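Engineer: Provided below: final35.txt, containing compact mmCIF, C-alpha atoms and all ligand atoms.
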# COMPACT_ATOMS: atom_id res chain seq x y z
CA MET Z 4 96.73 88.49 97.55
CA GLY Z 5 99.16 89.66 100.23
CA LEU Z 6 102.80 89.87 101.13
CA GLY Z 7 103.50 86.79 99.07
CA ALA Z 8 102.47 88.60 95.92
CA GLY Z 9 106.04 89.30 94.88
CA TRP Z 10 106.11 92.98 95.59
CA THR Z 11 109.47 94.66 95.25
CA GLN Z 12 111.01 98.12 95.56
CA GLU Z 13 109.52 98.87 92.15
CA THR Z 14 105.93 98.09 93.15
CA THR Z 15 103.68 101.12 92.83
CA GLY Z 16 100.99 102.41 95.16
CA THR Z 17 98.60 102.12 92.23
CA GLU Z 18 99.26 98.37 92.09
CA VAL Z 19 98.89 97.89 95.86
CA ALA Z 20 95.68 99.93 96.00
CA LYS Z 21 94.25 97.95 93.09
CA ALA Z 22 95.01 94.68 94.92
CA PHE Z 23 92.96 95.91 97.89
CA LYS Z 24 90.34 97.95 96.07
CA ASP Z 25 87.43 96.10 97.68
CA ASP Z 26 88.81 96.84 101.17
CA ILE Z 27 89.28 100.52 100.36
CA LYS Z 28 85.64 101.08 99.41
CA SER Z 29 84.26 100.69 102.93
CA LYS Z 30 86.92 102.72 104.68
CA THR Z 31 87.07 106.20 106.17
CA ILE Z 32 90.68 107.28 105.76
CA LEU Z 33 92.65 110.25 107.07
CA ILE Z 34 96.08 111.17 105.68
CA THR Z 35 98.36 113.90 107.08
CA GLY Z 36 100.97 115.81 105.09
CA VAL Z 37 99.32 116.28 101.71
CA SER Z 38 100.85 118.64 99.15
CA PRO Z 39 101.46 118.43 95.41
CA ILE Z 40 104.48 116.22 94.58
CA SER Z 41 104.51 114.60 98.01
CA LEU Z 42 103.95 111.07 99.24
CA GLY Z 43 100.77 112.31 100.89
CA GLU Z 44 99.47 113.19 97.43
CA SER Z 45 100.39 109.88 95.81
CA THR Z 46 98.88 107.98 98.76
CA ALA Z 47 95.66 109.99 98.48
CA LEU Z 48 95.44 109.57 94.69
CA ALA Z 49 96.00 105.81 94.82
CA ILE Z 50 93.27 105.44 97.44
CA ALA Z 51 90.85 107.92 95.82
CA ARG Z 52 90.85 105.97 92.56
CA HIS Z 53 88.90 103.16 94.32
CA GLY Z 54 86.25 105.29 96.01
CA PRO Z 55 86.77 105.12 99.79
CA ALA Z 56 83.71 105.82 101.94
CA LYS Z 57 85.36 109.05 103.11
CA LEU Z 58 88.77 110.61 102.46
CA ILE Z 59 90.04 113.27 104.86
CA LEU Z 60 93.25 115.12 104.02
CA ALA Z 61 94.97 117.08 106.80
CA SER Z 62 97.94 119.33 106.20
CA ARG Z 63 99.48 122.72 106.90
CA THR Z 64 98.88 124.72 103.73
CA GLU Z 65 95.31 125.18 102.50
CA SER Z 66 96.21 126.08 98.91
CA LYS Z 67 98.33 122.92 98.56
CA LEU Z 68 95.58 120.75 100.06
CA GLN Z 69 93.14 122.27 97.57
CA GLN Z 70 95.47 121.55 94.63
CA VAL Z 71 95.61 117.88 95.64
CA ALA Z 72 91.83 117.80 96.14
CA ASP Z 73 91.45 119.23 92.61
CA ASN Z 74 93.79 116.55 91.22
CA ILE Z 75 91.67 113.89 92.95
CA VAL Z 76 88.45 115.21 91.43
CA LYS Z 77 90.11 115.26 87.97
CA MET Z 78 90.97 111.59 88.45
CA ASN Z 79 87.74 110.46 90.12
CA PRO Z 80 84.90 113.01 89.93
CA ASN Z 81 82.90 110.92 92.42
CA ILE Z 82 85.31 111.62 95.27
CA LYS Z 83 85.24 114.85 97.21
CA ALA Z 84 88.02 114.87 99.77
CA GLU Z 85 87.38 116.66 103.07
CA LEU Z 86 90.18 119.09 103.88
CA ILE Z 87 91.51 119.98 107.30
CA VAL Z 88 94.18 122.63 107.77
CA VAL Z 89 96.41 121.72 110.70
CA ASP Z 90 99.84 122.75 111.85
CA LEU Z 91 101.30 119.71 113.58
CA SER Z 92 103.86 121.91 115.31
CA SER Z 93 101.06 123.48 117.38
CA GLN Z 94 99.26 121.34 119.95
CA ALA Z 95 96.37 123.81 120.14
CA ASP Z 96 95.96 123.57 116.38
CA ILE Z 97 95.98 119.76 116.55
CA ARG Z 98 93.16 119.80 119.11
CA THR Z 99 91.11 122.14 116.88
CA ALA Z 100 91.76 119.89 113.87
CA ALA Z 101 90.72 116.79 115.81
CA ARG Z 102 87.42 118.48 116.71
CA ARG Z 103 86.86 119.11 112.99
CA VAL Z 104 87.47 115.44 112.26
CA TYR Z 105 84.78 114.51 114.81
CA ALA Z 106 82.41 116.87 113.01
CA LEU Z 107 83.05 114.97 109.76
CA THR Z 108 82.82 111.36 110.87
CA ASN Z 109 81.90 109.04 113.71
CA ARG Z 110 84.47 106.42 112.70
CA LEU Z 111 87.95 106.18 111.31
CA ASP Z 112 89.37 103.04 109.70
CA ILE Z 113 92.80 104.12 108.51
CA LEU Z 114 94.95 106.90 109.94
CA VAL Z 115 98.12 107.64 107.93
CA ASN Z 116 100.51 109.82 109.92
CA ASN Z 117 102.61 110.89 106.96
CA ALA Z 118 103.53 114.58 107.42
CA ALA Z 119 107.09 115.48 108.36
CA VAL Z 120 109.62 118.24 108.34
CA VAL Z 121 113.38 117.93 107.85
CA THR Z 122 115.68 120.79 108.66
CA SER Z 123 119.40 121.50 109.02
CA ALA Z 124 118.94 124.43 111.40
CA ARG Z 125 117.40 124.12 114.85
CA SER Z 126 113.98 125.58 115.53
CA GLU Z 127 111.10 124.77 117.87
CA THR Z 128 107.41 124.05 117.95
CA LEU Z 129 105.00 126.53 119.53
CA GLU Z 130 105.47 124.62 122.79
CA GLY Z 131 109.26 125.00 122.64
CA ILE Z 132 110.07 121.42 121.61
CA GLU Z 133 112.74 120.82 118.95
CA LEU Z 134 110.83 121.10 115.66
CA GLN Z 135 111.44 117.71 114.04
CA PHE Z 136 110.69 115.68 117.20
CA GLY Z 137 107.83 118.03 118.07
CA THR Z 138 106.16 117.87 114.65
CA ASN Z 139 106.99 114.44 113.27
CA HIS Z 140 106.42 112.53 116.51
CA ILE Z 141 104.80 114.60 119.27
CA GLY Z 142 102.26 116.18 116.88
CA HIS Z 143 101.25 112.82 115.42
CA HIS Z 144 101.15 111.14 118.83
CA LEU Z 145 98.73 113.79 120.08
CA LEU Z 146 96.60 113.65 116.93
CA THR Z 147 96.45 109.85 117.13
CA SER Z 148 95.48 109.90 120.81
CA LEU Z 149 92.71 112.41 120.11
CA LEU Z 150 91.39 110.30 117.23
CA THR Z 151 91.70 106.91 118.95
CA PRO Z 152 87.99 106.79 119.99
CA LEU Z 153 87.10 107.11 116.29
CA LEU Z 154 89.50 104.28 115.40
CA LEU Z 155 87.99 102.09 118.13
CA ALA Z 156 84.54 102.87 116.71
CA GLY Z 157 85.83 101.86 113.26
CA ALA Z 158 87.19 98.58 114.62
CA LYS Z 159 83.91 97.82 116.36
CA ALA Z 160 81.83 98.60 113.28
CA SER Z 161 84.03 96.59 110.91
CA GLY Z 162 83.99 93.44 113.04
CA GLU Z 163 87.27 92.42 111.37
CA PRO Z 164 90.07 92.75 113.94
CA GLY Z 165 93.30 94.16 112.58
CA THR Z 166 91.81 95.85 109.52
CA THR Z 167 91.56 99.17 111.35
CA ARG Z 168 95.07 100.60 111.13
CA ILE Z 169 97.38 103.39 112.12
CA VAL Z 170 100.33 103.81 109.74
CA ASN Z 171 103.22 106.04 110.78
CA VAL Z 172 105.40 107.02 107.85
CA SER Z 173 108.87 106.70 109.32
CA SER Z 174 112.17 106.32 107.48
CA MET Z 175 115.26 104.17 107.22
CA GLY Z 176 116.82 107.38 108.55
CA TYR Z 177 115.77 106.11 111.98
CA ARG Z 178 119.22 104.52 111.91
CA LEU Z 179 120.72 107.95 112.52
CA SER Z 180 119.61 108.18 116.13
CA PRO Z 181 117.92 106.47 119.05
CA ILE Z 182 115.66 108.53 121.31
CA ARG Z 183 117.79 111.01 123.23
CA PHE Z 184 115.80 110.86 126.44
CA HIS Z 185 118.33 113.10 128.20
CA ASP Z 186 118.32 115.73 125.43
CA TYR Z 187 115.36 115.09 123.09
CA SER Z 188 115.08 118.80 122.37
CA PHE Z 189 118.77 119.33 121.54
CA GLU Z 190 119.46 121.80 124.32
CA GLY Z 191 123.09 120.74 124.67
CA LYS Z 192 122.56 118.43 127.65
CA PRO Z 193 124.88 115.40 127.93
CA VAL Z 194 123.45 112.08 126.79
CA PRO Z 195 124.63 108.59 127.80
CA PRO Z 196 126.42 106.51 125.12
CA GLU Z 197 123.31 104.45 124.32
CA GLU Z 198 121.50 107.65 123.28
CA GLU Z 199 124.29 108.80 120.94
CA PRO Z 200 124.05 108.04 117.20
CA PRO Z 201 125.01 104.38 116.60
CA LYS Z 202 128.61 103.59 115.75
CA GLY Z 203 129.36 103.86 112.04
CA ILE Z 204 127.15 106.88 111.39
CA PRO Z 205 129.23 108.95 108.94
CA ALA Z 206 131.30 111.83 110.22
CA HIS Z 207 129.30 114.25 108.08
CA MET Z 208 127.03 114.95 111.04
CA LYS Z 209 128.53 118.38 111.52
CA PRO Z 210 126.94 120.54 114.18
CA ASP Z 211 125.04 123.66 113.28
CA VAL Z 212 126.01 126.11 116.00
CA ALA Z 213 124.04 129.07 114.66
CA ALA Z 214 121.36 128.57 117.31
CA GLY Z 215 123.99 129.10 120.00
CA ARG Z 216 124.33 125.39 120.74
CA PRO Z 217 125.29 122.35 118.69
CA TYR Z 218 122.47 120.99 116.57
CA TYR Z 219 122.64 117.98 114.30
CA GLY Z 220 119.71 118.24 111.90
CA PHE Z 221 119.96 114.67 110.61
CA THR Z 222 120.33 113.32 114.14
CA ALA Z 223 117.16 115.14 115.13
CA TYR Z 224 115.37 113.78 112.04
CA GLY Z 225 116.62 110.28 112.89
CA GLN Z 226 115.34 110.61 116.45
CA SER Z 227 111.91 111.68 115.19
CA LYS Z 228 111.74 108.73 112.78
CA THR Z 229 112.80 106.29 115.53
CA ALA Z 230 109.97 107.80 117.57
CA ASN Z 231 107.52 107.07 114.72
CA ILE Z 232 108.45 103.36 114.94
CA LEU Z 233 108.34 103.21 118.75
CA HIS Z 234 104.97 104.97 118.66
CA ALA Z 235 103.67 102.17 116.42
CA VAL Z 236 105.14 99.57 118.81
CA ALA Z 237 103.36 101.20 121.77
CA LEU Z 238 100.10 101.61 119.83
CA LYS Z 239 100.17 97.95 118.84
CA GLU Z 240 100.61 96.96 122.49
CA ARG Z 241 97.72 99.18 123.59
CA LEU Z 242 95.23 98.74 120.75
CA SER Z 243 95.70 95.42 118.93
CA SER Z 244 93.53 93.55 121.44
CA LYS Z 245 90.82 96.09 120.61
CA GLY Z 246 91.04 95.43 116.88
CA VAL Z 247 93.35 98.29 115.85
CA GLN Z 248 96.72 97.47 114.27
CA ALA Z 249 99.68 99.86 114.03
CA PHE Z 250 102.70 99.96 111.74
CA ALA Z 251 105.59 102.20 110.79
CA VAL Z 252 106.99 102.22 107.26
CA HIS Z 253 110.07 103.24 105.32
CA PRO Z 254 108.69 104.49 102.00
CA GLY Z 255 112.03 104.32 100.15
CA SER Z 256 114.03 107.22 98.72
CA ILE Z 257 111.93 109.60 96.68
CA TRP Z 258 112.59 113.15 95.47
CA THR Z 259 109.81 115.22 96.99
CA ASN Z 260 109.86 118.62 98.67
CA LEU Z 261 111.15 117.06 101.88
CA SER Z 262 114.67 118.46 101.42
CA ARG Z 263 113.52 122.05 101.01
CA ASN Z 264 114.79 123.18 104.43
CA LEU Z 265 118.17 121.50 104.15
CA SER Z 266 121.46 123.30 103.61
CA ASP Z 267 123.16 122.72 100.23
CA ASP Z 268 125.70 120.45 101.95
CA ASP Z 269 123.01 118.37 103.60
CA ARG Z 270 121.06 118.08 100.34
CA LYS Z 271 124.21 116.71 98.66
CA ILE Z 272 124.48 114.14 101.45
CA ILE Z 273 120.92 113.01 100.75
CA GLU Z 274 121.77 112.59 97.05
CA GLY Z 275 124.36 109.99 98.03
CA THR Z 276 122.11 107.96 100.32
CA SER Z 277 120.36 105.71 97.83
CA THR Z 278 121.14 103.53 94.84
CA PHE Z 279 117.45 103.25 93.91
CA TRP Z 280 115.17 106.27 93.75
CA LYS Z 281 111.47 105.54 93.73
CA ASN Z 282 108.95 107.72 91.96
CA GLN Z 283 106.07 109.11 94.04
CA ASP Z 284 103.72 106.28 93.12
CA GLN Z 285 106.30 103.70 94.18
CA GLY Z 286 106.93 105.78 97.30
CA CYS Z 287 103.42 105.23 98.66
CA ALA Z 288 103.31 101.46 98.00
CA THR Z 289 104.58 100.41 101.44
CA THR Z 290 102.21 102.80 103.22
CA LEU Z 291 99.30 101.24 101.32
CA ALA Z 292 100.46 97.69 102.05
CA ALA Z 293 100.67 98.58 105.75
CA ALA Z 294 97.19 100.10 105.60
CA PHE Z 295 95.36 97.35 103.72
CA ASP Z 296 97.23 94.04 103.45
CA PRO Z 297 95.04 91.46 105.23
CA ASP Z 298 98.10 89.28 105.87
CA LEU Z 299 99.17 91.90 108.43
CA CYS Z 300 96.07 91.69 110.64
CA ASP Z 301 97.90 89.62 113.28
CA ALA Z 302 101.45 90.83 112.65
CA LYS Z 303 103.51 91.25 115.80
CA GLU Z 304 106.26 93.23 114.03
CA ALA Z 305 105.75 96.94 113.50
CA TYR Z 306 108.02 98.01 110.62
CA LEU Z 307 107.74 97.58 106.85
CA SER Z 308 109.97 98.42 103.92
CA ASP Z 309 109.28 97.60 100.25
CA CYS Z 310 105.80 96.35 101.26
CA ARG Z 311 107.18 93.70 103.64
CA LEU Z 312 107.86 93.36 107.32
CA HIS Z 313 111.46 94.21 108.19
CA ASP Z 314 113.49 94.03 111.35
CA VAL Z 315 114.84 97.20 112.97
CA ALA Z 316 117.51 97.99 115.55
CA GLU Z 317 116.70 97.07 119.13
CA TYR Z 318 116.42 100.72 120.16
CA ALA Z 319 113.55 101.16 117.69
CA LYS Z 320 111.49 98.14 118.75
CA ASP Z 321 112.17 97.55 122.43
CA GLN Z 322 108.89 97.57 124.38
CA PRO Z 323 110.25 99.31 127.51
CA ILE Z 324 111.83 102.03 125.35
CA ALA Z 325 108.52 102.44 123.49
CA GLU Z 326 106.74 102.78 126.82
CA ARG Z 327 109.30 105.28 128.10
CA LEU Z 328 108.80 107.39 124.97
CA TRP Z 329 105.03 107.13 125.42
CA GLN Z 330 105.30 108.46 128.97
CA LEU Z 331 107.63 111.29 127.90
CA THR Z 332 105.26 112.22 125.07
CA GLU Z 333 102.24 112.19 127.37
CA LYS Z 334 104.12 114.59 129.62
CA LEU Z 335 104.99 116.86 126.69
CA THR Z 336 101.37 116.90 125.55
CA GLU Z 337 100.19 117.40 129.13
CA GLY Z 338 98.95 113.82 129.07
CA LYS Z 339 95.55 114.95 127.93
CA ALA Z 340 94.00 113.18 125.00
CA ASN Z 341 90.85 115.24 125.55
CA LEU Z 342 89.47 117.47 122.87
N1 LIG Z 401 110.95 111.46 100.36
C1 LIG Z 401 111.72 110.53 100.88
O1 LIG Z 401 112.74 110.10 100.28
C2 LIG Z 401 111.41 109.94 102.21
C3 LIG Z 401 112.27 108.93 102.71
C4 LIG Z 401 111.97 108.39 103.96
C5 LIG Z 401 110.86 108.81 104.65
N2 LIG Z 401 110.06 109.80 104.14
C6 LIG Z 401 108.89 110.21 104.94
O2 LIG Z 401 107.76 110.28 104.08
C7 LIG Z 401 106.82 111.22 104.62
C8 LIG Z 401 106.33 112.13 103.51
O3 LIG Z 401 107.43 112.90 103.07
P1 LIG Z 401 107.53 113.56 101.63
O4 LIG Z 401 108.77 113.04 101.02
O5 LIG Z 401 106.27 113.45 100.91
O6 LIG Z 401 107.82 115.07 102.05
P2 LIG Z 401 107.14 116.45 101.60
O7 LIG Z 401 106.94 116.48 100.14
O8 LIG Z 401 107.97 117.52 102.23
O9 LIG Z 401 105.72 116.38 102.32
C9 LIG Z 401 105.61 116.58 103.69
C10 LIG Z 401 104.21 116.99 103.99
O10 LIG Z 401 104.10 117.28 105.40
C11 LIG Z 401 103.48 118.56 105.55
N3 LIG Z 401 103.94 119.20 106.78
C12 LIG Z 401 105.19 119.60 107.10
N4 LIG Z 401 105.18 120.21 108.29
C13 LIG Z 401 103.89 120.19 108.74
C14 LIG Z 401 103.25 120.70 109.88
N5 LIG Z 401 103.91 121.38 110.83
N6 LIG Z 401 101.92 120.51 110.00
C15 LIG Z 401 101.22 119.86 109.05
N7 LIG Z 401 101.77 119.37 107.93
C16 LIG Z 401 103.10 119.55 107.76
C17 LIG Z 401 103.91 119.34 104.33
O11 LIG Z 401 103.05 120.44 104.14
P3 LIG Z 401 103.54 121.77 103.34
O12 LIG Z 401 103.92 121.32 101.96
O13 LIG Z 401 102.34 122.62 103.36
O14 LIG Z 401 104.69 122.31 104.11
C18 LIG Z 401 103.78 118.28 103.25
O15 LIG Z 401 102.44 118.15 102.87
C19 LIG Z 401 107.53 111.92 105.77
O16 LIG Z 401 107.11 111.36 106.99
C20 LIG Z 401 109.00 111.59 105.55
O17 LIG Z 401 109.75 111.58 106.74
C21 LIG Z 401 110.29 110.37 102.96
Could you render the structure as structure tokens?
Ligand SMILES: NC(=O)c1ccc[n+]([C@@H]2O[C@H](COP(=O)([O-])OP(=O)(O)OC[C@H]3O[C@@H](n4cnc5c(N)ncnc54)[C@H](OP(=O)(O)O)[C@@H]3O)[C@@H](O)[C@H]2O)c1
Structural biologist:
Amino acid sequence: MGLGAGWTQETTGTEVAKAFKDDIKSKTILITGVSPISLGESTALAIARHGPAKLILASRTESKLQQVADNIVKMNPNIKAELIVVDLSSQADIRTAARRVYALTNRLDILVNNAAVVTSARSETLEGIELQFGTNHIGHHLLTSLLTPLLLAGAKASGEPGTTRIVNVSSMGYRLSPIRFHDYSFEGKPVPPEEEPPKGIPAHMKPDVAAGRPYYGFTAYGQSKTANILHAVALKERLSSKGVQAFAVHPGSIWTNLSRNLSDDDRKIIEGTSTFWKNQDQGCATTLAAAFDPDLCDAKEAYLSDCRLHDVAEYAKDQPIAERLWQLTEKLTEGKANL
């Protein structure tokens, strides 16, 4: 059963995981961004039901991770998730977390880069990078690079090319912005027209000037989600010949805690962005399809929505742009994928 199975926007993660339950059993899986009432939780629960070889949950808040781990045990007492506390807005913390992953396993089969932050007001990572780009993209790029040897070990051990996967949870919100190479950190530097938000983006993108310079929270979120897709494009180019596939997904529109840092005005804008709201179980279906669907082993495309491959704007799939972002990111992480 695969993409032809008639999945729709209403398909649940529970259904997708059940379809691939035999594949899940042998896998060591790491998911970032796991809190109660989040897509990280529904992804973890859907997977845990089928007894993966190892389930590693990595997120910022220990008490929330523990709550999800408790919910998993209630559902499947045979599964004990390993928990890793990591702040993806700190590169030092990411390196420490990666070392902990190496202490837990010598292979990784599925890496789900799911954590994200959305904010209306500008702030920065520990390294001084705009927070949404720095956390949602730079943090996950660094984590992925550090864990790539484990993914390569997983691919080698499985002997089934393309079943070892990296899944970046992106968003249709990528449409709000290309990568602003000339001002990725929103420091008020001029950007050329091709780095501005695409034409037709609503005029509600009002600047927040509280930080002393214009800041467009949704534009910054859009840039970070474009980066998630381009990261998958670059990973596919680098790793698919070594048996590791990479995808980015739009999970749909789901009420989670994602909007917690938005202004009231921005939250109202979000309310008007969808005609179909998924529940949390539906919201993890596309992530699970990207992680396990065997029909995707040879896929050249990198982006899925509603459990199927979808096209994206040129600025989110162009190989040279993906490579340029890779080089920028290597620079911002000091180019060192060493522990
Ligand atoms: N919900 C939607 O409608 C929607 C639509 C499109 C795309 N997405 C994408 O789906 C993914 C999951 O979002 P969600 O809706 O489940 O949001 P959520 O409920 O806010 O969950 C986000 C998760 O990321 C964690 N996180 C945030 N900052 C972090 C950091 N610095 N270090 C480590 N972990 C951090 C959060 O931890 P804490 O709770 O401890 O802060 C939380 O576990 C995101 O990539 C988002 O962009 C969601």
Engineer: Identify the residues around (105.4, 104.8, 110.6) within a radius of 8 Å, measuring from all atoms listed in the file in the coordinates stated by the file, and give them as a list in words.
Structural biologist: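 Here is the list of nearby residues: Asn116, Asn117, Val170, Asn171, Val172, Ser173, Ser174, Lys228, Asn231, Ile232, Ala235, Phe250, Ala251, Val252, His253 and Tyr306 of chain Z.
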Engineer: Include C-alpha atoms and write out the residues we just selected as an mmCIF file, in the coordinates of the input.
Structural biologist:
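Generated file (selection.cif):
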data_model
loop_
_atom_site.group_PDB
_atom_site.id
_atom_site.type_symbol
_atom_site.label_atom_id
_atom_site.label_comp_id
_atom_site.auth_asym_id
_atom_site.auth_seq_id
_atom_site.Cartn_x
_atom_site.Cartn_y
_atom_site.Cartn_z
ATOM 1 C CA ASN Z 116 100.510 109.820 109.920
ATOM 2 C CA ASN Z 117 102.610 110.890 106.960
ATOM 3 C CA VAL Z 170 100.330 103.810 109.740
ATOM 4 C CA ASN Z 171 103.220 106.040 110.780
ATOM 5 C CA VAL Z 172 105.400 107.020 107.850
ATOM 6 C CA SER Z 173 108.870 106.700 109.320
ATOM 7 C CA SER Z 174 112.170 106.320 107.480
ATOM 8 C CA LYS Z 228 111.740 108.730 112.780
ATOM 9 C CA ASN Z 231 107.520 107.070 114.720
ATOM 10 C CA ILE Z 232 108.450 103.360 114.940
ATOM 11 C CA ALA Z 235 103.670 102.170 116.420
ATOM 12 C CA PHE Z 250 102.700 99.960 111.740
ATOM 13 C CA ALA Z 251 105.590 102.200 110.790
ATOM 14 C CA VAL Z 252 106.990 102.220 107.260
ATOM 15 C CA HIS Z 253 110.070 103.240 105.320
ATOM 16 C CA TYR Z 306 108.020 98.010 110.620
#
Engineer: Nearest to Leu331 in chain Z among Z:Lys239, Z:Lys192, Z:His140, Z:Lys303, with distances taken over all atoms listed in the file: which residue is it?
Structural biologist: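 For Leu331 in chain Z, the nearest of the candidates is Z:His140.
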Engineer: Residues at most 6 Å from ligand LIG 401 (chain Z), using only C-alpha atoms and all ligand atoms? Could they come as a ChimeraX atom specification?
Structural biologist: /Z:36-38,41-43,62-64,89-92,117-120,138,172-174,253-261
Engineer: I'd like to know which of Z:Gln330, Z:Ser148, Z:Thr122, Z:Thr15 is closest to Asp267 in chain Z, using all atoms listed in the file.
Structural biologist: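 Selected residue with least distance to Asp267 in chain Z: Z:Thr122.
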Engineer: Which residues, written as a ChimeraX atom specification, have at least one atom at most 10 Å from Asn74 in chain Z, with only C-alpha atoms counted and residues fewer than 5 positions away on the same chain left out?
Structural biologist: /Z:39,44,47-48,68-69,79-80
Engineer: Restricting the output to C-alpha atoms, write the selected residues as a PDB file, keeping the file's coordinate frame.
Structural biologist:
ATOM      1  CA  PRO Z  39     101.460 118.430  95.410  1.00  0.00           C
ATOM      2  CA  GLU Z  44      99.470 113.190  97.430  1.00  0.00           C
ATOM      3  CA  ALA Z  47      95.660 109.990  98.480  1.00  0.00           C
ATOM      4  CA  LEU Z  48      95.440 109.570  94.690  1.00  0.00           C
ATOM      5  CA  LEU Z  68      95.580 120.750 100.060  1.00  0.00           C
ATOM      6  CA  GLN Z  69      93.140 122.270  97.570  1.00  0.00           C
ATOM      7  CA  ASN Z  79      87.740 110.460  90.120  1.00  0.00           C
ATOM      8  CA  PRO Z  80      84.900 113.010  89.930  1.00  0.00           C
TER       9      PRO Z  80
END
Engineer: Specify the axis-aligned box that encloses all atoms of range 72-83 of chain Z listed in the file after padding of 8 Å on each side, stating its centre and edge lengths in Å to one decimal as AutoDock Vina command-line options.
Structural biologist:
--center_x 88.3 --center_y 114.8 --center_z 92.6 --size_x 26.9 --size_y 24.8 --size_z 25.2
Engineer: As a PDB file, in the coordinates of the input, please: range 109-121 of chain Z completed to N, CA, C and O atoms.
Structural biologist:
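The resulting file, result28.pdb, is shown below:
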ATOM      1  N   ASN Z 109      81.979 109.691 112.404  1.00  0.00           N
ATOM      2  CA  ASN Z 109      81.900 109.040 113.710  1.00  0.00           C
ATOM      3  C   ASN Z 109      82.749 107.777 113.764  1.00  0.00           C
ATOM      4  O   ASN Z 109      82.678 107.007 114.710  1.00  0.00           O
ATOM      5  N   ARG Z 110      83.531 107.551 112.696  1.00  0.00           N
ATOM      6  CA  ARG Z 110      84.470 106.420 112.700  1.00  0.00           C
ATOM      7  C   ARG Z 110      85.652 106.716 111.815  1.00  0.00           C
ATOM      8  O   ARG Z 110      85.556 107.536 110.886  1.00  0.00           O
ATOM      9  N   LEU Z 111      86.747 106.073 112.133  1.00  0.00           N
ATOM     10  CA  LEU Z 111      87.950 106.180 111.310  1.00  0.00           C
ATOM     11  C   LEU Z 111      88.486 104.763 111.157  1.00  0.00           C
ATOM     12  O   LEU Z 111      88.540 104.004 112.138  1.00  0.00           O
ATOM     13  N   ASP Z 112      88.859 104.401 109.928  1.00  0.00           N
ATOM     14  CA  ASP Z 112      89.370 103.040 109.700  1.00  0.00           C
ATOM     15  C   ASP Z 112      90.873 103.014 109.476  1.00  0.00           C
ATOM     16  O   ASP Z 112      91.541 102.070 109.865  1.00  0.00           O
ATOM     17  N   ILE Z 113      91.364 104.054 108.799  1.00  0.00           N
ATOM     18  CA  ILE Z 113      92.800 104.120 108.510  1.00  0.00           C
ATOM     19  C   ILE Z 113      93.292 105.532 108.815  1.00  0.00           C
ATOM     20  O   ILE Z 113      92.759 106.511 108.282  1.00  0.00           O
ATOM     21  N   LEU Z 114      94.305 105.615 109.668  1.00  0.00           N
ATOM     22  CA  LEU Z 114      94.950 106.900 109.940  1.00  0.00           C
ATOM     23  C   LEU Z 114      96.396 106.809 109.440  1.00  0.00           C
ATOM     24  O   LEU Z 114      97.161 105.965 109.921  1.00  0.00           O
ATOM     25  N   VAL Z 115      96.751 107.638 108.464  1.00  0.00           N
ATOM     26  CA  VAL Z 115      98.120 107.640 107.930  1.00  0.00           C
ATOM     27  C   VAL Z 115      98.833 108.896 108.428  1.00  0.00           C
ATOM     28  O   VAL Z 115      98.556 110.012 107.971  1.00  0.00           O
ATOM     29  N   ASN Z 116      99.723 108.702 109.384  1.00  0.00           N
ATOM     30  CA  ASN Z 116     100.510 109.820 109.920  1.00  0.00           C
ATOM     31  C   ASN Z 116     101.741 109.992 109.042  1.00  0.00           C
ATOM     32  O   ASN Z 116     102.790 109.384 109.266  1.00  0.00           O
ATOM     33  N   ASN Z 117     101.599 110.821 108.016  1.00  0.00           N
ATOM     34  CA  ASN Z 117     102.610 110.890 106.960  1.00  0.00           C
ATOM     35  C   ASN Z 117     103.404 112.207 106.951  1.00  0.00           C
ATOM     36  O   ASN Z 117     104.518 112.252 106.454  1.00  0.00           O
ATOM     37  N   ALA Z 118     102.856 113.261 107.510  1.00  0.00           N
ATOM     38  CA  ALA Z 118     103.530 114.580 107.420  1.00  0.00           C
ATOM     39  C   ALA Z 118     104.876 114.536 108.126  1.00  0.00           C
ATOM     40  O   ALA Z 118     105.085 113.768 109.065  1.00  0.00           O
ATOM     41  N   ALA Z 119     105.802 115.362 107.653  1.00  0.00           N
ATOM     42  CA  ALA Z 119     107.090 115.480 108.360  1.00  0.00           C
ATOM     43  C   ALA Z 119     107.814 116.717 107.868  1.00  0.00           C
ATOM     44  O   ALA Z 119     107.563 117.229 106.771  1.00  0.00           O
ATOM     45  N   VAL Z 120     108.732 117.152 108.699  1.00  0.00           N
ATOM     46  CA  VAL Z 120     109.620 118.240 108.340  1.00  0.00           C
ATOM     47  C   VAL Z 120     111.048 117.761 108.568  1.00  0.00           C
ATOM     48  O   VAL Z 120     111.311 116.977 109.473  1.00  0.00           O
ATOM     49  N   VAL Z 121     111.947 118.215 107.687  1.00  0.00           N
ATOM     50  CA  VAL Z 121     113.380 117.930 107.850  1.00  0.00           C
ATOM     51  C   VAL Z 121     114.103 119.257 107.767  1.00  0.00           C
ATOM     52  O   VAL Z 121     113.821 120.060 106.878  1.00  0.00           O
TER      53      VAL Z 121
END
